[in-house]
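Student: Hey, dropping coords_21.txt in here, compact mmCIF, C-alpha atoms:
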# COMPACT_ATOMS: atom_id res chain seq x y z
CA MET A 5 58.00 184.82 83.51
CA GLU A 6 57.69 185.86 79.87
CA GLY A 7 54.91 183.27 79.39
CA ASP A 8 52.97 184.58 82.39
CA SER A 9 53.39 188.14 81.13
CA ALA A 10 52.09 187.18 77.68
CA ASN A 11 49.08 185.39 79.21
CA THR A 12 48.35 188.45 81.36
CA ASN A 13 48.50 190.73 78.33
CA LEU A 14 46.24 188.34 76.35
CA ASP A 15 43.70 188.17 79.18
CA ALA A 16 43.71 191.95 79.53
CA ALA A 17 43.21 192.46 75.80
CA ILE A 18 40.38 189.90 75.72
CA GLU A 19 38.73 191.52 78.74
CA SER A 20 38.85 194.90 77.02
CA LEU A 21 37.33 193.48 73.84
CA LEU A 22 34.63 191.67 75.85
CA ASN A 23 33.56 195.00 77.33
CA VAL A 24 33.39 196.50 73.84
CA GLU A 25 31.40 193.48 72.64
CA LYS A 26 28.94 193.88 75.53
CA GLN A 27 28.35 197.55 74.74
CA MET A 28 27.80 196.86 71.05
CA ARG A 29 25.53 193.86 71.73
CA LEU A 30 23.30 195.75 74.15
CA ALA A 31 23.13 198.65 71.71
CA GLY A 32 22.07 196.26 68.94
CA ASP A 33 25.03 197.22 66.75
CA VAL A 34 25.44 194.16 64.47
CA ALA A 35 28.60 195.35 62.68
CA GLY A 36 30.31 196.42 65.91
CA THR A 37 29.47 193.16 67.73
CA ARG A 38 30.66 191.09 64.80
CA LYS A 39 33.97 193.00 64.69
CA ALA A 40 34.51 192.61 68.44
CA VAL A 41 34.03 188.81 68.47
CA ILE A 42 36.21 188.38 65.37
CA ASP A 43 38.97 190.46 67.03
CA ILE A 44 38.83 188.19 70.09
CA VAL A 45 39.16 185.07 67.93
CA GLU A 46 42.06 186.60 65.95
CA LEU A 47 43.82 187.62 69.17
CA CYS A 48 43.68 184.06 70.55
CA TYR A 49 44.87 182.59 67.25
CA LYS A 50 47.88 184.91 66.97
CA ALA A 51 48.83 184.07 70.56
CA GLY A 52 48.50 180.33 69.82
CA ALA A 53 46.15 179.96 72.80
CA TRP A 54 43.85 177.25 71.43
CA LYS A 55 42.21 176.41 74.74
CA THR A 56 41.50 180.08 75.38
CA LEU A 57 40.11 180.37 71.84
CA ASN A 58 37.75 177.46 72.46
CA ASP A 59 36.66 178.88 75.83
CA GLN A 60 36.00 182.32 74.36
CA ILE A 61 33.90 180.88 71.52
CA VAL A 62 31.73 179.04 74.05
CA LEU A 63 31.52 182.10 76.33
CA LEU A 64 30.53 184.49 73.55
CA SER A 65 27.91 182.12 72.15
CA LYS A 66 26.22 181.79 75.57
CA ARG A 67 25.96 185.50 76.31
CA ARG A 68 22.46 186.83 76.84
CA GLY A 69 20.86 188.24 73.72
CA GLN A 70 23.87 187.35 71.56
CA LEU A 71 23.30 188.29 67.93
CA LYS A 72 23.01 185.52 65.34
CA GLN A 73 25.23 187.38 62.90
CA ALA A 74 27.98 187.64 65.53
CA ILE A 75 27.90 183.91 66.33
CA THR A 76 27.93 183.04 62.61
CA ALA A 77 30.91 185.34 61.92
CA MET A 78 32.78 183.98 64.95
CA VAL A 79 32.23 180.33 63.94
CA GLN A 80 33.28 181.05 60.33
CA LYS A 81 36.48 182.75 61.51
CA ALA A 82 37.32 179.89 63.87
CA MET A 83 36.76 177.39 61.04
CA ASP A 84 39.23 179.28 58.85
CA TYR A 85 41.87 178.78 61.54
CA ILE A 86 41.25 175.03 61.65
CA ASP A 87 42.81 174.63 58.20
CA LEU A 88 45.77 176.83 59.19
CA THR A 89 46.55 174.60 62.18
CA LEU A 90 49.15 172.01 61.26
CA ASP A 91 48.80 169.83 64.37
CA ILE A 92 45.99 167.29 63.86
CA ASP A 93 45.37 166.86 67.62
CA THR A 94 44.89 170.62 67.96
CA ARG A 95 42.45 170.59 65.04
CA ILE A 96 40.36 167.83 66.59
CA GLU A 97 40.44 169.56 69.99
CA LEU A 98 39.28 172.82 68.44
CA ILE A 99 36.49 171.05 66.54
CA LYS A 100 35.34 168.55 69.12
CA THR A 101 36.29 168.48 72.79
CA PRO A 102 34.40 165.55 74.39
CA SER A 103 34.87 166.74 77.97
CA SER A 104 33.30 170.19 77.49
CA VAL A 105 31.12 172.32 75.24
CA SER A 106 33.05 173.26 72.10
CA LEU A 107 32.67 174.55 68.55
CA TRP A 108 31.09 171.16 67.76
CA GLN A 109 28.20 171.66 70.21
CA ILE A 110 27.72 175.29 69.19
CA VAL A 111 27.11 174.48 65.54
CA HIS A 112 24.89 171.55 66.52
CA LEU A 113 22.69 173.68 68.79
CA GLN A 114 22.25 176.72 66.54
CA ILE A 115 20.18 176.13 63.37
CA TYR A 116 21.40 179.32 61.68
CA VAL A 117 24.93 177.89 61.47
CA GLU A 118 23.79 174.66 59.76
CA ILE A 119 26.12 175.23 56.81
CA GLU A 120 29.07 175.73 59.15
CA ARG A 121 28.05 172.52 60.95
CA ALA A 122 28.12 170.58 57.68
CA ARG A 123 31.53 172.02 56.75
CA LEU A 124 32.88 171.28 60.23
CA ILE A 125 31.71 167.66 60.08
CA LYS A 126 33.25 167.31 56.61
CA ARG A 127 36.62 168.53 57.90
CA LEU A 128 36.51 166.19 60.90
CA ALA A 129 35.55 163.29 58.61
CA LYS A 130 38.51 164.13 56.36
CA ILE A 131 40.86 163.96 59.35
CA LYS A 132 39.39 160.58 60.36
CA GLU A 133 39.76 159.33 56.78
CA GLU A 134 43.42 160.40 56.69
CA GLN A 135 43.94 158.42 59.90
CA GLY A 136 42.42 155.34 58.25
CA GLN A 137 39.19 155.42 60.26
CA ILE A 138 36.83 155.01 57.29
CA ASP A 139 33.87 153.72 59.31
CA GLU A 140 33.96 156.65 61.74
CA ALA A 141 34.31 159.14 58.89
CA ALA A 142 31.31 157.62 57.07
CA ASP A 143 29.19 157.67 60.25
CA LEU A 144 30.03 161.33 60.82
CA MET A 145 29.08 162.34 57.27
CA GLN A 146 25.77 160.48 57.40
CA GLU A 147 24.61 162.66 60.31
CA VAL A 148 24.00 165.60 57.96
CA ALA A 149 21.14 165.90 55.46
CA VAL A 150 22.45 168.79 53.34
CA GLU A 151 19.62 168.43 50.82
CA THR A 152 17.39 170.26 53.34
CA PHE A 153 19.73 173.29 53.61
CA GLY A 154 18.12 176.10 51.64
CA SER A 155 21.00 178.57 51.93
CA MET A 156 23.76 176.17 50.83
CA ALA A 157 25.02 176.43 47.25
CA LYS A 158 23.87 173.66 44.91
CA THR A 159 27.39 172.58 43.98
CA GLU A 160 28.40 172.37 47.64
CA LYS A 161 25.38 170.17 48.40
CA ILE A 162 26.24 167.82 45.54
CA ALA A 163 29.91 167.66 46.59
CA PHE A 164 28.89 166.82 50.17
CA ILE A 165 26.53 164.03 49.10
CA LEU A 166 29.19 162.64 46.76
CA ASP A 167 31.60 162.46 49.68
CA GLN A 168 28.94 160.55 51.64
CA VAL A 169 28.53 158.10 48.74
CA ARG A 170 32.30 157.67 48.34
CA LEU A 171 32.82 156.84 52.02
CA CYS A 172 29.96 154.31 51.91
CA LEU A 173 31.57 152.65 48.89
CA ASP A 174 34.95 152.64 50.67
CA ARG A 175 33.39 150.76 53.59
CA GLN A 176 31.48 148.51 51.10
CA ASP A 177 28.07 149.67 52.33
CA TYR A 178 26.46 149.44 48.89
CA VAL A 179 22.83 149.71 50.06
CA ARG A 180 23.39 153.03 51.82
CA ALA A 181 25.52 154.27 48.91
CA GLN A 182 22.59 153.67 46.55
CA ILE A 183 20.14 155.45 48.88
CA LEU A 184 22.42 158.49 49.17
CA SER A 185 23.11 158.61 45.41
CA ARG A 186 19.37 158.90 44.73
CA LYS A 187 19.37 162.27 46.50
CA ILE A 188 21.10 163.67 43.41
CA SER A 189 18.95 164.03 40.31
CA THR A 190 20.96 163.60 37.10
CA ARG A 191 18.97 166.48 35.58
CA VAL A 192 20.84 168.90 37.85
CA PHE A 193 24.01 168.32 35.78
CA GLU A 194 22.25 169.52 32.62
CA ALA A 195 21.44 172.96 34.10
CA ASP A 196 23.16 176.02 32.65
CA PRO A 197 25.32 177.66 35.38
CA LEU A 198 25.04 181.11 33.74
CA LYS A 199 21.22 181.00 33.84
CA GLU A 200 21.31 179.86 37.45
CA LYS A 201 23.45 182.86 38.39
CA LYS A 202 21.08 185.27 36.65
CA LYS A 203 18.11 183.85 38.54
CA GLN A 204 19.87 184.39 41.85
CA LYS A 205 20.51 188.06 41.04
CA GLU A 206 16.84 188.68 40.37
CA GLY A 207 15.63 187.24 43.69
CA ASP A 208 16.70 187.61 47.29
CA ASN A 209 20.33 186.61 47.38
CA ILE A 210 20.12 184.23 50.37
CA VAL A 211 22.12 181.36 48.87
CA GLN A 212 25.74 181.45 50.00
CA ASP A 213 28.56 181.13 47.49
CA ALA A 214 30.29 177.76 47.44
CA PRO A 215 33.86 177.63 48.84
CA ALA A 216 36.71 177.90 46.34
CA ASP A 217 37.68 174.22 46.73
CA ILE A 218 34.28 172.96 45.51
CA PRO A 219 34.55 171.62 41.93
CA SER A 220 32.45 172.94 39.05
CA LEU A 221 29.14 171.34 38.10
CA LEU A 222 30.65 169.43 35.14
CA GLU A 223 33.48 168.14 37.32
CA LEU A 224 30.92 167.01 39.90
CA LYS A 225 29.07 165.23 37.09
CA ARG A 226 32.20 163.27 36.27
CA ILE A 227 32.80 162.39 39.93
CA TYR A 228 29.16 161.30 40.35
CA TYR A 229 29.24 158.91 37.40
CA GLU A 230 32.64 157.52 38.43
CA LEU A 231 31.18 156.69 41.85
CA MET A 232 28.12 155.12 40.22
CA ILE A 233 30.44 152.98 38.07
CA ARG A 234 32.04 151.71 41.30
CA TYR A 235 28.58 150.88 42.64
CA TYR A 236 27.37 149.09 39.50
CA MET A 237 30.65 147.15 39.24
CA HIS A 238 29.71 145.52 42.54
CA ASN A 239 26.78 143.63 40.96
CA ASN A 240 28.12 143.57 37.36
CA ASP A 241 25.31 145.70 35.93
CA TYR A 242 27.05 146.21 32.60
CA LEU A 243 24.33 148.26 30.91
CA GLU A 244 24.24 150.84 33.72
CA ILE A 245 28.05 151.00 33.73
CA CYS A 246 27.92 151.68 29.99
CA ARG A 247 25.37 154.47 30.51
CA CYS A 248 27.60 156.04 33.17
CA TYR A 249 30.59 156.02 30.82
CA LYS A 250 28.37 157.47 28.09
CA ALA A 251 27.43 160.37 30.40
CA ILE A 252 31.13 161.04 31.14
CA TYR A 253 31.91 160.80 27.42
CA ASP A 254 29.34 163.55 26.68
CA ILE A 255 31.10 166.09 28.95
CA PRO A 256 32.57 168.81 26.64
CA ALA A 257 35.97 168.82 28.37
CA ILE A 258 36.27 165.06 27.75
CA LYS A 259 35.18 165.19 24.10
CA GLU A 260 37.76 167.85 23.28
CA ASP A 261 40.72 165.71 24.36
CA PRO A 262 41.34 162.44 22.42
CA THR A 263 43.57 161.11 25.20
CA LYS A 264 40.53 161.26 27.50
CA TRP A 265 37.66 160.16 25.25
CA ILE A 266 39.37 157.22 23.51
CA PRO A 267 39.72 155.11 26.71
CA ILE A 268 36.13 156.02 27.69
CA LEU A 269 34.76 155.11 24.26
CA ARG A 270 36.59 151.77 24.49
CA LYS A 271 34.87 151.10 27.81
CA ILE A 272 31.47 152.02 26.31
CA CYS A 273 32.01 149.47 23.54
CA TRP A 274 33.12 146.73 25.90
CA TYR A 275 30.23 147.16 28.31
CA LEU A 276 27.76 147.32 25.41
CA VAL A 277 29.03 143.94 24.27
CA LEU A 278 28.89 142.56 27.83
CA ALA A 279 25.35 143.85 28.53
CA PRO A 280 22.44 141.40 28.02
CA HIS A 281 20.35 141.96 24.91
CA ASP A 282 17.35 144.23 25.49
CA PRO A 283 15.79 147.30 23.77
CA MET A 284 17.93 149.78 25.74
CA GLN A 285 21.14 147.89 24.90
CA SER A 286 20.14 147.69 21.23
CA SER A 287 19.39 151.43 21.09
CA LEU A 288 22.73 152.36 22.70
CA LEU A 289 24.54 149.94 20.38
CA ASN A 290 23.12 151.56 17.24
CA ALA A 291 23.72 155.08 18.60
CA THR A 292 27.36 154.25 19.37
CA LEU A 293 27.90 152.81 15.88
CA GLU A 294 26.84 156.17 14.41
CA ASP A 295 29.52 157.99 16.44
CA LYS A 296 32.19 159.33 14.05
CA ASN A 297 34.86 159.02 16.75
CA LEU A 298 34.54 155.24 16.52
CA THR A 299 36.67 155.36 13.36
CA GLU A 300 39.66 156.13 15.63
CA ILE A 301 39.33 152.64 17.18
CA PRO A 302 38.45 150.43 14.15
CA ASN A 303 38.72 147.14 16.07
CA PHE A 304 35.85 148.15 18.34
CA ARG A 305 33.78 149.35 15.41
CA LEU A 306 34.21 145.91 13.83
CA LEU A 307 33.27 144.24 17.13
CA LEU A 308 30.01 146.22 17.39
CA LYS A 309 29.26 145.61 13.70
CA GLN A 310 29.40 141.87 14.31
CA LEU A 311 26.79 142.20 17.06
CA VAL A 312 24.28 144.12 14.94
CA THR A 313 24.79 141.78 11.95
CA MET A 314 22.40 138.82 12.08
CA GLU A 315 25.07 136.20 11.56
CA VAL A 316 26.43 133.47 13.82
CA ILE A 317 29.71 134.52 15.50
CA GLN A 318 32.41 131.93 16.13
CA TRP A 319 33.60 132.39 19.72
CA THR A 320 37.16 131.14 19.12
CA THR A 321 37.65 133.50 16.17
CA LEU A 322 36.21 136.46 18.10
CA TRP A 323 38.33 135.79 21.20
CA GLU A 324 41.53 135.60 19.14
CA PHE A 325 40.59 138.95 17.60
CA ALA A 326 39.58 140.67 20.87
CA LYS A 327 41.88 139.05 23.46
CA HIS A 328 44.71 141.57 23.09
CA GLU A 329 42.31 144.54 23.41
CA TYR A 330 40.61 142.89 26.41
CA GLU A 331 43.88 142.39 28.28
CA ASN A 332 45.03 145.92 27.40
CA GLU A 333 42.06 147.49 29.25
CA LYS A 334 43.72 147.04 32.65
CA ASN A 335 46.38 149.59 31.61
CA LEU A 336 43.79 152.23 30.60
CA LEU A 337 41.34 154.52 32.38
CA GLY A 338 38.91 152.61 34.59
CA GLY A 339 41.12 149.53 34.88
CA ALA A 340 40.19 145.95 34.06
CA LEU A 341 36.64 145.04 33.02
CA GLY A 342 35.99 142.75 35.99
CA ALA A 343 36.63 139.20 37.14
CA LYS A 344 33.65 137.69 35.31
CA ALA A 345 33.93 139.77 32.14
CA ALA A 346 35.54 137.06 29.98
CA GLU A 347 32.90 134.49 30.98
CA ASP A 348 30.09 137.00 30.43
CA LEU A 349 31.48 137.92 27.02
CA LYS A 350 31.29 134.29 25.92
CA LEU A 351 27.74 134.06 27.31
CA ARG A 352 26.68 137.19 25.36
CA ILE A 353 28.04 135.70 22.12
CA ILE A 354 26.10 132.47 22.75
CA GLU A 355 22.91 134.48 23.38
CA HIS A 356 23.50 136.48 20.20
CA ASN A 357 23.92 133.28 18.20
CA ILE A 358 20.70 131.81 19.62
CA LEU A 359 18.81 134.98 18.62
CA VAL A 360 20.27 134.76 15.11
CA VAL A 361 19.16 131.12 14.79
CA SER A 362 15.65 132.04 16.00
CA LYS A 363 15.41 134.64 13.19
CA TYR A 364 16.22 132.14 10.43
CA TYR A 365 14.58 128.96 11.78
CA SER A 366 11.04 128.32 12.94
CA ARG A 367 11.97 124.73 13.94
CA ILE A 368 15.41 123.20 14.38
CA THR A 369 16.77 120.03 15.91
CA LEU A 370 18.62 120.42 19.19
CA LYS A 371 21.67 118.65 17.70
CA ARG A 372 21.86 121.10 14.79
CA LEU A 373 21.45 124.05 17.22
CA ALA A 374 24.30 122.71 19.37
CA ASP A 375 26.51 122.37 16.25
CA LEU A 376 25.79 125.98 15.22
CA LEU A 377 26.60 127.22 18.72
CA CYS A 378 29.70 124.99 19.02
CA LEU A 379 28.33 123.60 22.31
CA SER A 380 27.30 120.23 23.70
CA LEU A 381 23.60 119.27 23.71
CA GLN A 382 23.32 119.90 27.47
CA GLU A 383 24.97 123.35 27.25
CA ALA A 384 22.84 124.40 24.28
CA GLU A 385 19.65 123.33 26.10
CA LYS A 386 20.74 125.13 29.29
CA HIS A 387 21.48 128.45 27.53
CA LEU A 388 18.25 128.24 25.53
CA SER A 389 16.23 127.58 28.70
CA ASP A 390 17.91 130.51 30.49
CA MET A 391 16.95 132.88 27.66
CA VAL A 392 13.34 131.64 27.70
CA ASN A 393 13.18 132.11 31.49
CA SER A 394 14.52 135.66 31.20
CA LYS A 395 11.91 136.34 28.46
CA SER A 396 14.61 137.27 25.95
CA LEU A 397 13.26 134.63 23.59
CA ILE A 398 10.09 132.63 22.91
CA ALA A 399 10.81 128.94 22.27
CA LYS A 400 9.62 125.44 23.13
CA ILE A 401 11.74 122.29 23.34
CA ASP A 402 10.31 118.90 22.42
CA ARG A 403 12.84 116.75 24.28
CA PRO A 404 11.63 113.30 23.11
CA MET A 405 11.83 114.46 19.48
CA GLY A 406 14.87 116.67 20.11
CA VAL A 407 13.30 119.63 18.29
CA VAL A 408 13.24 123.31 19.22
CA SER A 409 10.33 125.42 18.00
CA PHE A 410 10.67 129.20 17.83
CA GLN A 411 7.08 129.73 16.63
CA THR A 412 4.64 131.56 18.85
CA ALA A 413 1.10 130.29 19.22
CA GLN A 414 -1.32 132.91 17.88
CA ASP A 415 -4.88 133.40 18.99
CA CYS A 416 -7.81 133.95 16.56
CA ASN A 417 -7.31 137.72 16.43
CA GLY A 418 -3.59 137.35 15.72
CA THR A 419 -4.23 134.87 12.88
CA LEU A 420 -6.89 137.13 11.37
CA ASN A 421 -4.63 140.19 11.56
CA SER A 422 -1.77 138.26 9.96
CA TRP A 423 -4.07 137.09 7.13
CA ALA A 424 -5.34 140.66 6.57
CA THR A 425 -1.80 142.01 6.44
CA ASN A 426 -0.69 139.38 3.94
CA LEU A 427 -3.76 140.02 1.79
CA GLU A 428 -3.04 143.76 1.79
CA LYS A 429 0.53 143.12 0.67
CA LEU A 430 -0.73 140.83 -2.11
CA LEU A 431 -3.18 143.45 -3.42
CA ASP A 432 -0.42 146.08 -3.39
CA LEU A 433 1.78 143.81 -5.50
CA VAL A 434 -1.08 143.14 -7.95
CA GLU A 435 -1.76 146.88 -8.28
CA LYS A 436 1.92 147.66 -8.92
CA SER A 437 2.13 144.84 -11.50
CA CYS A 438 -0.97 146.15 -13.34
CA HIS A 439 0.52 149.63 -13.36
CA GLN A 440 3.79 148.37 -14.86
CA ILE A 441 1.91 146.33 -17.53
CA HIS A 442 -0.21 149.36 -18.46
CA LYS A 443 2.94 151.52 -18.64
CA GLU A 444 4.73 149.08 -20.97
CA THR A 445 1.61 148.79 -23.18
CA MET A 446 1.39 152.58 -23.59
CA ILE A 447 5.10 152.80 -24.50
CA HIS A 448 4.79 150.08 -27.20
CA LYS A 449 1.66 151.70 -28.70
CA ALA A 450 3.48 155.02 -28.95
CA VAL A 451 6.42 153.33 -30.74
CA LEU A 452 4.09 151.61 -33.26
CA LYS A 453 2.27 154.86 -34.05
CA ALA A 454 5.60 156.60 -34.66
Can I see the file as structure tokens?
Tutor:
Amino acid sequence: MEGDSANTNLDAAIESLLNVEKQMRLAGDVAGTRKAVIDIVELCYKAGAWKTLNDQIVLLSKRRGQLKQAITAMVQKAMDYIDLTLDIDTRIELIKTPSSVSLWQIVHLQIYVEIERARLIKRLAKIKEEQGQIDEAADLMQEVAVETFGSMAKTEKIAFILDQVRLCLDRQDYVRAQILSRKISTRVFEADPLKEKKKQKEGDNIVQDAPADIPSLLELKRIYYELMIRYYMHNNDYLEICRCYKAIYDIPAIKEDPTKWIPILRKICWYLVLAPHDPMQSSLLNATLEDKNLTEIPNFRLLLKQLVTMEVIQWTTLWEFAKHEYENEKNLLGGALGAKAAEDLKLRIIEHNILVVSKYYSRITLKRLADLLCLSLQEAEKHLSDMVNSKSLIAKIDRPMGVVSFQTAQDCNGTLNSWATNLEKLLDLVEKSCHQIHKETMIHKAVLKA
């Protein structure tokens, strides 16, 4: 009896508020209509009548000439109550009732509640993710293209896209993860938040503020690059992984705390060593060596120094030196370096040694090259051929003679330019010598006169 009495009182109160809402709506009173629909939603929530709440939302949204502002306020209020509901089944029912029109259909049909639609989908995807339904959560998130929402805050857009990327990586959909990640320009992380706020004050303030749970721009930058590291780890793109760690390392909050930047700087050094030799890798290597913080980890400074020094590196000696540091990485930030890292490290050292030999020799026998690299003849030939195919090196192998030539064939113009350069250097030396002779002669004449 008490339940029936409570339902009767609730229905009577809702009916009274509906009459008020009708009067306000027909009079075009935006504030009054908004207050009436919010009161109805609050009344249903306090009574715990979730089905009635859902029915009233649908009813109010379908009323003739219903104001956009009223629907928006009602949807926002209902969404606030979703988080306050502890029962997951009730949450899902309030968001999405398959058998009838619900909050889900309302936000999908009305374009002026596009932000609420995105937030609603994100909450439903979070519930699915907590239930272990990663595929369903990823499919839900991919329905929304938040980059087209003009009134959504920039940080909220980035956070939403990052959630899309994360779910794609969780389901190992690396192609879609890459496509989604390209929606975020890395230049957006370099913007000054204070200047952005000033610009908004000058114009029409149509951009909504981001919710309180959305991280700051610098925190989003860290999350973005951590996700990109997960993506690049899939195909062992060591140089890109290094660049991602470098971007995280440059965040002010990271640089201020040694406990944070030391593990990241270690990772930068490792992935620089693992990356194939090219101009970008060489530039990053030299820039990292100039970092004063590298003195805090002297072993890694010594490792990088060996790579920039044009000397042959003995693999066994290097591995004995670096093995402990390599195995220790699994206990630090970012975890182990990868399954193939040890093999790739040995390959990088071999490539470095071949480049060193090519600097000092124009022609060398294949046997001597194999001895310098501590490899068999077949292995030395294979690694040399791989470097020539990847255009890291110019070389020719005379297999019958067993000779490797690192000389490049020059055309007529190249030969002429080389001759002209050498002649210019010779004339400079002659001029300097004449100057020194004349200087010494003048000094001796002055001494004799004295």
Student: Applying 6 Å and all atoms listed in the file, which residues near stretch 368-370 of chain A remain after dropping the ones on its own chain fewer than 4 positions away? List them as number ranges by chain.
Tutor: A: 406-408
Student: Between A:His328, A:Lys334, A:Arg67, A:Lys81, which one has atoms that come closest to A:Lys39, using all atoms listed in the file?
Tutor: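 Answer, going by the shortest atom-to-atom distance: A:Lys81.
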Student: Which residue gives the smallest distance to A:Ile272 among A:Lys158, A:Lys130, A:Lys344, A:Arg305, with only C-alpha atoms counted?
Tutor: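 Among the listed residues, the smallest separation from A:Ile272 belongs to A:Arg305.
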Student: Name the closest residue to A:Glu230 among the candidates A:Leu30, A:Cys438, A:Leu173, A:Val277; distances are taken between atoms, counting all atoms listed in the file.
Tutor: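 For A:Glu230, the nearest of the given residues is A:Leu173.
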Student: Name the residues in contact with A:Asp33 at a cut-off of 12 Å, using all atoms listed in the file, excluding same-chain residues fewer than 3 positions from it; report them as a PyMOL selection string.
Tutor: chain A and resi 24-30+36-40+70-74
Student: Select, from A:Gln411, A:Thr419, A:Ser20, A:Ser65, the residue with the minimum atom-to-atom distance to A:Ile44, counting all atoms listed in the file.
Tutor: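 Of all the options, A:Ser20 lies closest to A:Ile44.
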Student: Could you check which of A:Met232, A:Gln176, A:Val148, A:Ser286 is closest to A:Ile188, using only C-alpha atoms?
Tutor: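 Residue with the minimum atom-to-atom distance to A:Ile188: A:Met232.
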Student: Rank nothing, just name the residue among A:Thr190, A:Gln285, A:Asn426, A:Ser185 nearest to A:Leu166, using all atoms listed in the file.
Tutor: A:Ser185
Student: To one decimal in Å, tell me the separation between atom CA of A:Lys296 and atom CA of A:Ala257.
Tutor: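 Computing the Euclidean distance for atom CA of A:Lys296 and atom CA of A:Ala257 yields 17.6 Å.
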Student: Got a sec: who's within 10 Å of A:His281, counting all atoms listed in the file, leaving out chain neighbours fewer than 2 positions off, as a VMD selection string?
Tutor: chain A and resid 243 276 to 279 283 to 286 352 355 to 356 359 396
